[in-house]
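A.B. asks: Below is entry_22.tsv; it holds TSV, C-alpha atoms.
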```
chain	number	residue	atom	x	y	z
Z	3	MET	CA	33.04	36.98	-34.32
Z	4	ASN	CA	30.06	34.72	-33.45
Z	5	ILE	CA	26.80	34.51	-35.40
Z	6	VAL	CA	24.96	36.98	-33.15
Z	7	GLN	CA	27.74	39.58	-33.37
Z	8	ARG	CA	27.90	39.16	-37.15
Z	9	TYR	CA	24.13	39.56	-37.37
Z	10	LEU	CA	24.20	42.75	-35.27
Z	11	SER	CA	27.08	44.27	-37.24
Z	12	LEU	CA	25.29	43.58	-40.54
Z	13	LEU	CA	22.06	44.97	-39.11
Z	14	ILE	CA	23.73	48.17	-37.92
Z	15	ALA	CA	25.44	48.61	-41.27
Z	16	PHE	CA	22.08	48.10	-43.04
Z	17	VAL	CA	20.33	50.64	-40.81
Z	18	LEU	CA	23.05	53.27	-41.14
Z	19	PHE	CA	23.12	52.87	-44.92
Z	20	HIS	CA	19.38	53.48	-45.16
Z	21	CYS	CA	19.05	56.13	-42.43
Z	22	SER	CA	19.68	59.77	-43.22
Z	23	SER	CA	21.28	60.61	-39.85
Z	24	ALA	CA	24.53	59.96	-38.06
Z	25	ILE	CA	24.64	57.94	-34.86
Z	26	ALA	CA	23.14	59.88	-31.98
Z	27	GLN	CA	25.03	61.03	-28.94
Z	28	GLN	CA	24.67	58.64	-26.02
Z	29	ILE	CA	21.42	58.97	-24.12
Z	30	GLY	CA	20.56	57.32	-20.89
Z	31	THR	CA	19.88	57.35	-17.21
Z	32	ALA	CA	22.67	56.46	-14.82
Z	33	VAL	CA	21.10	54.44	-12.01
Z	34	ILE	CA	23.15	54.46	-8.81
Z	35	LYS	CA	22.26	52.31	-5.81
Z	36	ASP	CA	24.50	53.31	-2.91
Z	37	LYS	CA	24.70	54.16	0.79
Z	38	LEU	CA	26.31	56.68	3.15
Z	39	SER	CA	28.55	55.15	5.81
Z	40	ASN	CA	30.96	56.35	8.48
Z	41	SER	CA	33.86	55.54	6.14
Z	42	ASP	CA	32.77	58.20	3.60
Z	43	SER	CA	34.22	61.70	3.26
Z	44	VAL	CA	33.26	64.44	5.71
Z	45	LEU	CA	32.46	68.10	5.07
Z	46	THR	CA	35.09	70.34	6.60
Z	47	SER	CA	32.75	73.32	6.92
Z	48	GLN	CA	29.06	74.17	7.34
Z	49	ARG	CA	26.47	72.29	5.32
Z	50	MET	CA	24.05	74.02	2.90
Z	51	ARG	CA	20.91	75.76	4.16
Z	52	LEU	CA	17.60	74.13	3.10
Z	53	ASN	CA	15.42	76.90	1.68
Z	54	THR	CA	12.55	74.62	0.42
Z	55	LEU	CA	12.98	75.81	-3.19
Z	56	THR	CA	13.77	73.07	-5.72
Z	57	SER	CA	16.10	73.88	-8.61
Z	58	ALA	CA	14.69	73.33	-12.11
Z	59	CYS	CA	15.89	74.08	-15.63
Z	60	SER	CA	12.81	76.27	-16.11
Z	61	SER	CA	13.37	78.12	-12.80
Z	62	PRO	CA	17.03	77.87	-11.69
Z	63	LYS	CA	18.19	79.29	-8.37
Z	64	LEU	CA	20.29	82.37	-8.97
Z	65	MET	CA	22.59	81.75	-6.01
Z	66	CYS	CA	23.54	79.22	-3.36
Z	67	PRO	CA	21.02	79.17	-0.44
Z	68	GLY	CA	23.86	79.79	2.02
Z	69	TYR	CA	25.21	77.97	5.07
Z	70	PHE	CA	23.67	76.43	8.16
Z	71	GLY	CA	25.23	75.32	11.44
Z	72	ASN	CA	28.72	74.02	12.00
Z	73	THR	CA	28.12	70.33	11.41
Z	74	SER	CA	30.62	68.04	9.67
Z	75	VAL	CA	28.47	65.47	7.88
Z	76	TYR	CA	29.19	62.49	5.59
Z	77	TYR	CA	28.94	62.93	1.82
Z	78	LYS	CA	29.57	61.21	-1.54
Z	79	THR	CA	30.16	62.62	-5.02
Z	80	TYR	CA	29.33	61.38	-8.56
Z	81	THR	CA	30.98	63.13	-11.49
Z	82	TYR	CA	29.83	63.24	-15.14
Z	83	VAL	CA	30.52	65.15	-18.36
Z	84	ASN	CA	27.87	66.47	-20.73
Z	85	GLU	CA	29.12	64.94	-23.96
Z	86	SER	CA	26.17	66.26	-25.94
Z	87	PRO	CA	26.99	68.92	-28.58
Z	88	SER	CA	24.51	71.29	-26.93
Z	89	ILE	CA	23.43	72.57	-23.53
Z	90	GLU	CA	21.38	69.88	-21.77
Z	91	CYS	CA	18.87	69.82	-18.95
Z	92	ILE	CA	20.09	67.20	-16.47
Z	93	ASN	CA	17.40	65.66	-14.30
Z	94	VAL	CA	18.30	64.02	-10.96
Z	95	LYS	CA	15.83	61.90	-9.01
Z	96	MET	CA	16.67	60.70	-5.49
Z	97	GLN	CA	14.88	57.90	-3.62
Z	98	VAL	CA	15.84	57.36	0.04
Z	99	ALA	CA	15.16	54.11	1.91
Z	100	CYS	CA	16.63	55.01	5.32
Z	101	ALA	CA	15.34	56.90	8.35
Z	102	SER	CA	18.10	59.53	8.22
Z	103	GLN	CA	17.59	62.83	6.40
Z	104	VAL	CA	19.58	62.93	3.11
Z	105	PHE	CA	20.24	65.90	0.79
Z	106	CYS	CA	21.21	66.30	-2.88
Z	107	SER	CA	23.04	69.16	-4.61
Z	108	ALA	CA	24.97	69.77	-7.87
Z	109	TYR	CA	28.15	71.62	-8.82
Z	110	HIS	CA	30.09	72.84	-11.87
Z	111	GLY	CA	33.33	70.92	-12.32
Z	112	SER	CA	34.03	69.57	-8.84
Z	113	PHE	CA	32.88	69.80	-5.24
Z	114	ASP	CA	34.77	71.70	-2.54
Z	115	PRO	CA	34.08	70.18	0.93
Z	116	ALA	CA	35.47	73.34	2.54
Z	117	ASP	CA	32.79	75.52	0.89
Z	118	VAL	CA	29.43	74.00	-0.12
Z	119	CYS	CA	28.56	77.14	-2.13
Z	120	ASN	CA	31.69	77.06	-4.29
Z	121	ASN	CA	30.84	76.04	-7.92
Z	122	TYR	CA	27.16	75.71	-6.92
Z	123	ILE	CA	24.56	74.86	-9.62
Z	124	ALA	CA	21.44	73.43	-7.97
Z	125	ASP	CA	19.88	71.64	-4.98
Z	126	LEU	CA	16.67	69.91	-3.89
Z	127	GLY	CA	15.77	72.58	-1.35
Z	128	PHE	CA	14.88	70.09	1.37
Z	129	SER	CA	15.98	66.71	2.70
Z	130	ILE	CA	14.42	63.27	2.07
Z	131	ALA	CA	14.02	60.26	4.36
Z	132	GLY	CA	11.96	57.14	5.01
Z	133	GLY	CA	11.15	56.00	1.47
Z	134	GLY	CA	10.57	59.48	0.06
Z	135	ASN	CA	11.69	60.68	-3.36
Z	136	ASP	CA	11.94	63.88	-5.34
Z	137	SER	CA	13.71	65.41	-8.35
Z	138	MET	CA	15.66	68.47	-9.37
Z	139	SER	CA	17.04	69.60	-12.74
Z	140	PHE	CA	19.70	71.99	-14.01
Z	141	GLU	CA	21.43	72.96	-17.25
Z	142	VAL	CA	25.00	71.97	-18.14
Z	143	ALA	CA	27.00	73.37	-21.05
Z	144	SER	CA	28.29	71.13	-23.83
Z	145	GLY	CA	31.52	69.39	-22.79
Z	146	ALA	CA	31.26	70.61	-19.19
Z	147	GLN	CA	31.86	68.44	-16.13
Z	148	TYR	CA	29.32	68.43	-13.33
Z	149	CYS	CA	29.20	66.80	-9.92
Z	150	ILE	CA	26.26	65.38	-7.92
Z	151	VAL	CA	26.71	65.36	-4.13
Z	152	ILE	CA	24.71	63.26	-1.67
Z	153	SER	CA	25.10	64.30	1.95
Z	154	ALA	CA	23.59	63.72	5.37
Z	155	ILE	CA	21.92	66.54	7.29
Z	156	ASN	CA	22.85	65.67	10.84
Z	157	LEU	CA	26.23	64.94	12.38
Z	158	GLY	CA	27.04	61.23	12.48
Z	159	ASP	CA	24.01	60.15	10.40
Z	160	THR	CA	24.45	57.38	7.80
Z	161	CYS	CA	22.01	55.93	5.26
Z	162	GLU	CA	21.87	52.24	4.39
Z	163	ALA	CA	20.20	52.67	0.98
Z	164	TYR	CA	19.40	55.35	-1.59
Z	165	VAL	CA	18.94	55.38	-5.38
Z	166	LEU	CA	19.95	58.14	-7.77
Z	167	SER	CA	18.62	58.31	-11.33
Z	168	ILE	CA	20.67	60.85	-13.30
Z	169	SER	CA	19.62	61.69	-16.84
Z	170	GLN	CA	22.71	61.80	-19.00
Z	171	PHE	CA	21.99	63.34	-22.36
Z	172	ALA	CA	19.39	64.14	-24.98
Z	173	THR	CA	19.83	64.70	-28.67
Z	174	SER	CA	17.76	66.23	-31.46
Z	175	TRP	CA	17.80	66.62	-35.22
Z	176	HIS	CA	16.35	69.11	-37.68
Z	177	GLY	CA	14.98	67.28	-40.68
Z	178	SER	CA	12.79	67.60	-43.73
Z	179	ILE	CA	10.71	65.17	-45.75
Z	180	VAL	CA	11.54	65.73	-49.43
Z	181	VAL	CA	10.93	63.86	-52.67
Z	182	THR	CA	14.49	62.47	-52.73
Z	183	ASP	CA	14.18	60.81	-49.30
Z	184	SER	CA	13.88	57.06	-48.90
Z	185	THR	CA	10.40	55.59	-49.30
Z	186	GLN	CA	8.32	53.00	-47.50
Z	187	THR	CA	5.42	51.03	-48.97
Z	188	GLN	CA	3.33	50.87	-45.79
Z	189	ARG	CA	2.35	53.30	-43.05
Z	190	LEU	CA	0.87	52.45	-39.68
Z	191	TYR	CA	-2.81	52.81	-38.98
Z	192	LEU	CA	-3.12	55.64	-36.45
Z	193	ASP	CA	-5.31	54.43	-33.60
Z	194	GLY	CA	-5.13	57.63	-31.53
Z	195	ILE	CA	-3.25	55.94	-28.68
Z	196	ARG	CA	0.35	56.81	-27.84
Z	197	ASN	CA	2.65	54.06	-26.57
Z	198	THR	CA	4.31	54.62	-23.17
Z	199	CYS	CA	6.72	52.61	-21.07
Z	200	GLN	CA	4.16	52.41	-18.27
Z	201	ASN	CA	1.29	51.41	-20.59
Z	202	ALA	CA	2.58	49.51	-23.61
Z	203	LYS	CA	-0.20	49.09	-26.14
Z	204	VAL	CA	-0.85	46.21	-28.52
Z	205	LEU	CA	0.91	47.21	-31.73
Z	206	CYS	CA	-0.38	46.76	-35.28
Z	207	ALA	CA	-3.84	45.72	-34.10
Z	208	ASN	CA	-5.05	47.31	-37.34
Z	209	THR	CA	-3.66	46.43	-40.76
Z	210	PRO	CA	-1.09	48.95	-42.04
Z	211	ILE	CA	-2.16	51.20	-44.90
Z	212	GLN	CA	-0.58	50.49	-48.30
Z	213	GLY	CA	0.95	53.37	-50.26
Z	214	ILE	CA	4.36	54.88	-50.93
Z	215	VAL	CA	5.43	57.74	-48.62
Z	216	ASN	CA	8.81	59.32	-47.90
Z	217	HIS	CA	10.61	58.99	-44.59
Z	218	ASP	CA	13.75	59.82	-42.57
Z	219	CYS	CA	15.23	57.57	-39.91
Z	220	TYR	CA	17.59	58.07	-36.98
Z	221	PHE	CA	19.76	55.48	-35.29
Z	222	TYR	CA	20.53	55.11	-31.57
Z	223	ARG	CA	22.21	52.30	-29.61
Z	224	ASN	CA	21.72	51.83	-25.87
Z	225	GLU	CA	25.28	51.21	-24.71
Z	226	THR	CA	24.36	51.23	-21.02
Z	227	PRO	CA	23.92	48.07	-18.87
Z	228	ASN	CA	20.35	49.16	-18.04
Z	229	ASP	CA	17.11	49.20	-20.00
Z	230	ILE	CA	16.16	52.80	-20.81
Z	231	CYS	CA	12.76	54.40	-21.25
Z	232	LEU	CA	13.20	56.81	-24.17
Z	233	ARG	CA	10.88	59.67	-25.03
Z	234	THR	CA	10.56	60.73	-28.67
Z	235	THR	CA	9.07	64.17	-29.35
Z	236	LEU	CA	8.29	65.34	-32.90
Z	237	TYR	CA	7.86	69.08	-33.51
Z	238	HIS	CA	6.06	70.10	-36.73
Z	239	HIS	CA	7.48	73.27	-38.32
Z	240	CYS	CA	6.36	72.57	-41.90
Z	241	SER	CA	5.48	75.75	-43.81
Z	242	ASP	CA	2.81	73.84	-45.78
Z	243	SER	CA	-0.25	73.55	-43.54
Z	244	SER	CA	-1.36	70.43	-45.43
Z	245	SER	CA	1.76	68.53	-44.37
Z	246	THR	CA	1.10	65.76	-41.85
Z	247	ILE	CA	3.93	63.74	-40.33
Z	248	THR	CA	4.20	61.13	-37.62
Z	249	SER	CA	6.80	58.92	-35.97
Z	250	ALA	CA	7.37	55.32	-34.90
Z	251	ALA	CA	10.22	53.45	-33.19
Z	252	TYR	CA	11.75	50.09	-34.05
Z	253	ILE	CA	14.11	47.80	-32.13
Z	254	ASN	CA	17.10	46.07	-33.77
Z	255	GLY	CA	15.83	46.49	-37.32
Z	256	TYR	CA	13.57	48.35	-39.75
Z	257	ASP	CA	11.91	47.07	-42.93
Z	258	SER	CA	10.43	49.74	-45.23
Z	259	THR	CA	8.10	47.14	-46.78
Z	260	ASN	CA	6.68	45.89	-43.46
Z	261	ALA	CA	5.62	48.61	-41.01
Z	262	CYS	CA	4.93	46.08	-38.22
Z	263	LEU	CA	8.21	44.16	-38.28
Z	264	TYR	CA	10.46	45.12	-35.33
Z	265	LEU	CA	7.93	47.79	-34.25
Z	266	ALA	CA	8.42	48.94	-30.63
Z	267	ALA	CA	6.14	51.99	-30.36
Z	268	ASP	CA	4.27	54.66	-32.26
Z	269	ALA	CA	2.64	58.00	-31.52
Z	270	GLY	CA	-0.85	56.91	-32.59
Z	271	VAL	CA	-1.57	60.33	-34.11
Z	272	ARG	CA	-0.18	62.62	-36.78
Z	273	ASP	CA	1.48	65.98	-36.27
Z	274	SER	CA	0.40	69.10	-38.16
Z	275	THR	CA	0.37	72.91	-38.04
Z	276	ASN	CA	3.12	73.56	-35.48
Z	277	ASP	CA	1.90	70.87	-33.12
Z	278	SER	CA	4.09	68.38	-31.28
Z	279	LEU	CA	3.56	64.72	-30.53
Z	280	TRP	CA	5.40	62.33	-28.23
Z	281	TYR	CA	5.56	58.71	-27.11
Z	282	THR	CA	7.86	56.61	-24.92
Z	283	PHE	CA	9.22	53.09	-25.26
Z	284	LEU	CA	11.67	50.74	-23.58
Z	285	VAL	CA	15.06	50.07	-25.20
Z	286	PRO	CA	16.75	46.98	-23.70
Z	287	ALA	CA	20.40	47.18	-22.67
Z	288	SER	CA	22.85	46.83	-25.58
Z	289	SER	CA	20.06	47.12	-28.16
Z	290	ASN	CA	19.58	49.38	-31.17
Z	291	CYS	CA	16.57	51.51	-31.97
Z	292	ILE	CA	15.55	53.35	-35.11
Z	293	ILE	CA	13.28	56.40	-34.97
Z	294	VAL	CA	11.33	56.83	-38.21
Z	295	VAL	CA	9.64	60.10	-39.22
Z	296	TYR	CA	7.36	59.84	-42.24
Z	297	SER	CA	4.66	61.65	-44.16
Z	298	GLN	CA	1.05	60.56	-43.78
Z	299	LYS	CA	0.18	61.46	-47.38
Z	300	ASP	CA	1.66	60.47	-50.71
Z	301	SER	CA	3.52	63.34	-52.44
Z	302	VAL	CA	3.08	65.65	-49.44
Z	303	PHE	CA	6.32	66.80	-47.82
Z	304	CYS	CA	7.62	68.83	-44.87
Z	305	ASP	CA	10.40	71.40	-45.17
Z	306	ASP	CA	11.22	71.56	-41.44
Z	307	TYR	CA	10.66	69.40	-38.37
Z	308	VAL	CA	12.58	68.63	-35.19
Z	309	VAL	CA	12.73	65.21	-33.55
Z	310	LYS	CA	14.15	64.96	-30.03
Z	311	LEU	CA	15.24	61.83	-28.18
Z	312	GLU	CA	15.70	61.89	-24.40
Z	313	ALA	CA	15.45	59.70	-21.33
Z	314	ASP	CA	11.98	59.71	-19.79
Z	315	TYR	CA	12.63	60.96	-16.26
Z	316	THR	CA	9.15	60.10	-14.97
Z	317	VAL	CA	9.84	56.37	-15.14
Z	318	ASN	CA	11.70	54.54	-12.39
Z	319	VAL	CA	14.67	52.93	-14.14
Z	320	ASP	CA	15.84	49.71	-12.54
Z	321	GLU	CA	18.62	47.26	-13.34
Z	322	SER	CA	15.99	44.75	-14.40
Z	323	ASN	CA	14.16	45.11	-17.69
Z	324	SER	CA	10.91	45.88	-15.96
Z	325	ASN	CA	9.71	49.19	-14.59
Z	326	ASN	CA	7.85	47.24	-11.90
Z	327	SER	CA	9.86	45.45	-9.23
Z	328	THR	CA	7.29	42.64	-9.05
Z	329	PHE	CA	7.84	41.48	-12.63
Z	330	HIS	CA	11.11	40.35	-14.19
Z	331	LEU	CA	11.55	39.12	-17.76
Z	332	TYR	CA	14.90	37.79	-18.95
Z	333	PRO	CA	16.97	37.54	-21.05
Z	334	ASN	CA	15.72	40.40	-23.20
Z	335	PRO	CA	16.55	40.26	-26.08
Z	336	VAL	CA	16.36	36.45	-26.18
Z	337	LEU	CA	17.83	34.33	-28.97
Z	338	LYS	CA	15.30	32.24	-30.90
Z	339	GLY	CA	15.39	28.73	-29.42
Z	340	GLU	CA	16.47	29.88	-25.96
Z	341	ASN	CA	14.14	29.92	-22.97
Z	342	LEU	CA	12.48	33.12	-21.76
Z	343	THR	CA	12.05	33.30	-17.98
Z	344	ILE	CA	9.36	35.21	-16.09
Z	345	GLU	CA	9.66	35.78	-12.35
Z	346	THR	CA	7.29	37.66	-10.05
Z	347	ASP	CA	6.78	38.05	-6.32
Z	348	VAL	CA	3.03	38.58	-6.79
Z	349	LYS	CA	1.21	35.30	-6.10
Z	350	ASP	CA	-2.06	36.77	-7.41
Z	351	PHE	CA	-0.98	36.37	-11.06
Z	352	ASP	CA	-2.75	33.40	-12.67
Z	353	LEU	CA	-2.32	33.84	-16.45
Z	354	VAL	CA	0.62	34.49	-18.79
Z	355	GLU	CA	-0.02	35.37	-22.46
Z	356	VAL	CA	2.33	36.29	-25.32
Z	357	TYR	CA	1.19	38.21	-28.42
Z	358	ASP	CA	3.05	39.00	-31.64
Z	359	VAL	CA	2.93	42.36	-33.45
Z	360	THR	CA	-0.25	41.35	-35.29
Z	361	SER	CA	-2.02	40.76	-31.92
Z	362	ARG	CA	-2.01	36.98	-32.47
Z	363	ASN	CA	-1.78	34.97	-29.26
Z	364	VAL	CA	1.28	32.71	-29.60
Z	365	PHE	CA	1.51	31.46	-26.00
Z	366	SER	CA	-0.90	31.12	-23.09
Z	367	LYS	CA	-0.54	29.33	-19.76
Z	368	GLN	CA	-2.58	29.28	-16.58
Z	369	LEU	CA	-0.59	29.56	-13.35
Z	370	PHE	CA	-1.55	27.33	-10.44
Z	371	ASN	CA	-0.43	26.77	-6.83
Z	372	ASP	CA	1.02	30.27	-6.43
Z	373	LEU	CA	3.61	29.65	-9.16
Z	374	THR	CA	5.98	32.66	-9.33
Z	375	LYS	CA	8.40	31.48	-12.05
Z	376	LEU	CA	7.64	30.35	-15.59
Z	377	ILE	CA	9.87	29.19	-18.47
Z	378	ILE	CA	8.67	30.00	-22.01
Z	379	PRO	CA	10.39	28.21	-24.93
Z	380	THR	CA	10.91	30.43	-28.00
Z	381	SER	CA	11.75	27.79	-30.62
Z	382	SER	CA	8.34	28.25	-32.29
Z	383	PHE	CA	8.52	32.06	-32.25
Z	384	ASN	CA	9.55	34.10	-35.27
Z	385	ARG	CA	12.20	36.78	-34.79
Z	386	GLY	CA	10.65	40.09	-33.81
Z	387	ILE	CA	8.94	41.95	-30.97
Z	388	TYR	CA	6.36	40.34	-28.68
Z	389	LEU	CA	4.08	41.60	-25.93
Z	390	VAL	CA	4.11	39.55	-22.70
Z	391	LYS	CA	1.01	39.96	-20.54
Z	392	VAL	CA	0.82	38.72	-16.93
Z	393	SER	CA	-2.66	38.95	-15.38
Z	394	GLY	CA	-4.27	38.49	-11.99
Z	395	GLU	CA	-7.42	39.50	-10.17
Z	396	LYS	CA	-5.96	42.79	-8.95
Z	397	GLU	CA	-3.26	43.69	-11.49
Z	398	THR	CA	-2.17	43.25	-15.12
Z	399	ILE	CA	1.36	44.01	-16.34
Z	400	THR	CA	2.54	44.04	-19.96
Z	401	ARG	CA	6.12	44.16	-21.24
Z	402	LYS	CA	7.80	43.88	-24.63
Z	403	VAL	CA	10.41	41.24	-25.40
Z	404	ILE	CA	12.62	40.88	-28.46
Z	405	VAL	CA	13.35	37.51	-30.07
Z	406	GLU	CA	16.51	37.60	-32.19
```
Would you mind writing the structure in this file as structure tokens?
C.D. replies:
Amino acid sequence: MNIVQRYLSLLIAFVLFHCSSAIAQQIGTAVIKDKLSNSDSVLTSQRMRLNTLTSACSSPKLMCPGYFGNTSVYYKTYTYVNESPSIECINVKMQVACASQVFCSAYHGSFDPADVCNNYIADLGFSIAGGGNDSMSFEVASGAQYCIVISAINLGDTCEAYVLSISQFATSWHGSIVVTDSTQTQRLYLDGIRNTCQNAKVLCANTPIQGIVNHDCYFYRNETPNDICLRTTLYHHCSDSSSTITSAAYINGYDSTNACLYLAADAGVRDSTNDSLWYTFLVPASSNCIIVVYSQKDSVFCDDYVVKLEADYTVNVDESNSNNSTFHLYPNPVLKGENLTIETDVKDFDLVEVYDVTSRNVFSKQLFNDLTKLIIPTSSFNRGIYLVKVSGEKETITRKVIVE
């Protein structure tokens, strides 16, 4: 076992010892980049009718739309199992980069090419082509297998490129803040701004507030090869109307005496009187995160809350660690002493800045002569989370990076 592996194993053991929850079920978004070709399988019967109604968990179709024509078209299948202990809403987003019309549908168990209505669950309702995208969603029982089918609409049509983003699982916990829970000696200053994957805010711009409050924490590890945008939602069900709770997320560590160390995101507000709050944040591939729920007042508790963790389906998930194809930051996490590389295909960018969790600028460099690649040494950085800001006349992009 090398030093990094030993560090991670000790860190996970530390987190689990201090957290009140078990490890969460796996959460994530399966990102599939594929194509339809003339070597793929072919339907042996009629294709599905397009009735322009999109399936959704909130408004499922009660039956298959039926059949249309007698065309034998190419198709591909992707099979998954809902390993969550509860029924889950599976969200499927399809992006199509070819001129041909492409269709998406879903099935219980497996797909029968001789009958496109057999085992039917859901469908998009219409076809997509030429750079278009759309989503559908459907519920799957705990432990059940489901199948996503991508098919052409017209006989002989192929598609050189499409992307599927399939939400895998979500998980949630019921919890309570009680006097016997673990304590922390700082709480974050609530600035009224929620963190999101699309708009990461500068964290800990204001000094944390001193004072002992009780907290719960929940552990999750991103085992997928992709970075994942996670959404945390906190539902307040405390019977005491004076109870106020909030939540924050940390990457690869949590220190109850330092609210800013390892901080990845926070809600920016507190939750009270049957309200709900949410925020999103990016979890790098093979990284750990800790969701902390804590009281905003000393000696004030909450007898019932629910915290839910799920993939944020509104964000385009890519194999890079950026949600914007023009900006790539790697490796992330990066070991202290190694070089951090930034690449972009936007020649307008002229300034790169790096800030620590206290908003202190630790690196700044002007870009000249249309430079699109920059190496940043990390030997002078402390271990923790940093905000990387790339700016130009027309656009500014910010991303978080972890130094281990």
A.B. asks: Enumerate, as a ChimeraX atom specification, the protein, DNA and RNA residues whose atoms approach (8.5, 52.1, -19.6) to within 6 Å, taking into account all atoms listed in the file and the coordinate frame of the file.
C.D. replies: /Z:199-200,231,283-284,325
A.B. asks: Given the choices Z:Ala131, Z:Leu166, Z:Cys291, Z:Ile92, which gets closest to Gln147 of chain Z if the distance is worked out from all atoms listed in the file?
C.D. replies: Z:Ile92
A.B. asks: Can you tell me which residues surround segment 152-157 of chain Z at a distance of at most 8 Å, considering only C-alpha atoms, apart from same-chain residues fewer than 3 positions away, and format the answer as a PyMOL selection string?
C.D. replies: chain Z and resi 38+49+73-79+102-107+129+160-161
A.B. asks: So that I can check the surroundings of segment 255-268 of chain Z, please list as a ChimeraX atom specification every protein, DNA and RNA residue that reaches within 9 Å of it, counting only C-alpha atoms and ignoring chain neighbours fewer than 4 positions away.
C.D. replies: /Z:13-14,16-17,184-190,192,195-198,202-203,205-206,209-210,248-251,280-285,290-292,294,359-360,385-387,402,404
A.B. asks: From the list Z:Leu389, Z:Val180, Z:Ile293, Z:Ile344, which residue is nearest Leu369 of chain Z when using all atoms listed in the file?
C.D. replies: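 Closest residue, counting all atoms listed in the file: Z:Ile344.
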A.B. asks: Regenerate segment 209-223 of chain Z at the level of N, CA and C atoms and dump it as a PDB file, keeping the file's coordinate frame.
C.D. replies:
```pdb
ATOM      1  N   THR Z 209      -4.526  46.671 -39.600  1.00  0.00           N
ATOM      2  CA  THR Z 209      -3.660  46.430 -40.760  1.00  0.00           C
ATOM      3  C   THR Z 209      -3.041  47.724 -41.245  1.00  0.00           C
ATOM      4  N   PRO Z 210      -1.718  47.750 -41.503  1.00  0.00           N
ATOM      5  CA  PRO Z 210      -1.090  48.950 -42.040  1.00  0.00           C
ATOM      6  C   PRO Z 210      -1.714  49.370 -43.379  1.00  0.00           C
ATOM      7  N   ILE Z 211      -1.591  50.644 -43.674  1.00  0.00           N
ATOM      8  CA  ILE Z 211      -2.160  51.200 -44.900  1.00  0.00           C
ATOM      9  C   ILE Z 211      -1.107  51.127 -46.006  1.00  0.00           C
ATOM     10  N   GLN Z 212      -1.492  50.603 -47.166  1.00  0.00           N
ATOM     11  CA  GLN Z 212      -0.580  50.490 -48.300  1.00  0.00           C
ATOM     12  C   GLN Z 212      -0.445  51.847 -48.990  1.00  0.00           C
ATOM     13  N   GLY Z 213       0.716  52.125 -49.545  1.00  0.00           N
ATOM     14  CA  GLY Z 213       0.950  53.370 -50.260  1.00  0.00           C
ATOM     15  C   GLY Z 213       2.351  53.885 -50.012  1.00  0.00           C
ATOM     16  N   ILE Z 214       2.964  54.429 -51.019  1.00  0.00           N
ATOM     17  CA  ILE Z 214       4.360  54.880 -50.930  1.00  0.00           C
ATOM     18  C   ILE Z 214       4.423  56.280 -50.339  1.00  0.00           C
ATOM     19  N   VAL Z 215       5.180  56.430 -49.230  1.00  0.00           N
ATOM     20  CA  VAL Z 215       5.430  57.740 -48.620  1.00  0.00           C
ATOM     21  C   VAL Z 215       6.921  57.855 -48.313  1.00  0.00           C
ATOM     22  N   ASN Z 216       7.393  59.070 -48.184  1.00  0.00           N
ATOM     23  CA  ASN Z 216       8.810  59.320 -47.900  1.00  0.00           C
ATOM     24  C   ASN Z 216       9.059  59.352 -46.400  1.00  0.00           C
ATOM     25  N   HIS Z 217      10.294  59.007 -46.014  1.00  0.00           N
ATOM     26  CA  HIS Z 217      10.610  58.990 -44.590  1.00  0.00           C
ATOM     27  C   HIS Z 217      12.087  59.328 -44.345  1.00  0.00           C
ATOM     28  N   ASP Z 218      12.384  59.716 -43.108  1.00  0.00           N
ATOM     29  CA  ASP Z 218      13.750  59.820 -42.570  1.00  0.00           C
ATOM     30  C   ASP Z 218      13.849  58.862 -41.407  1.00  0.00           C
ATOM     31  N   CYS Z 219      15.072  58.416 -41.094  1.00  0.00           N
ATOM     32  CA  CYS Z 219      15.230  57.570 -39.910  1.00  0.00           C
ATOM     33  C   CYS Z 219      16.516  57.923 -39.177  1.00  0.00           C
ATOM     34  N   TYR Z 220      16.509  57.682 -37.868  1.00  0.00           N
ATOM     35  CA  TYR Z 220      17.590  58.070 -36.980  1.00  0.00           C
ATOM     36  C   TYR Z 220      17.961  56.881 -36.097  1.00  0.00           C
ATOM     37  N   PHE Z 221      19.246  56.671 -35.959  1.00  0.00           N
ATOM     38  CA  PHE Z 221      19.760  55.480 -35.290  1.00  0.00           C
ATOM     39  C   PHE Z 221      20.287  55.819 -33.899  1.00  0.00           C
ATOM     40  N   TYR Z 222      19.994  54.967 -32.926  1.00  0.00           N
ATOM     41  CA  TYR Z 222      20.530  55.110 -31.570  1.00  0.00           C
ATOM     42  C   TYR Z 222      20.785  53.728 -30.987  1.00  0.00           C
ATOM     43  N   ARG Z 223      21.906  53.562 -30.280  1.00  0.00           N
ATOM     44  CA  ARG Z 223      22.210  52.300 -29.610  1.00  0.00           C
ATOM     45  C   ARG Z 223      22.332  52.548 -28.106  1.00  0.00           C
TER      46      ARG Z 223
END
```
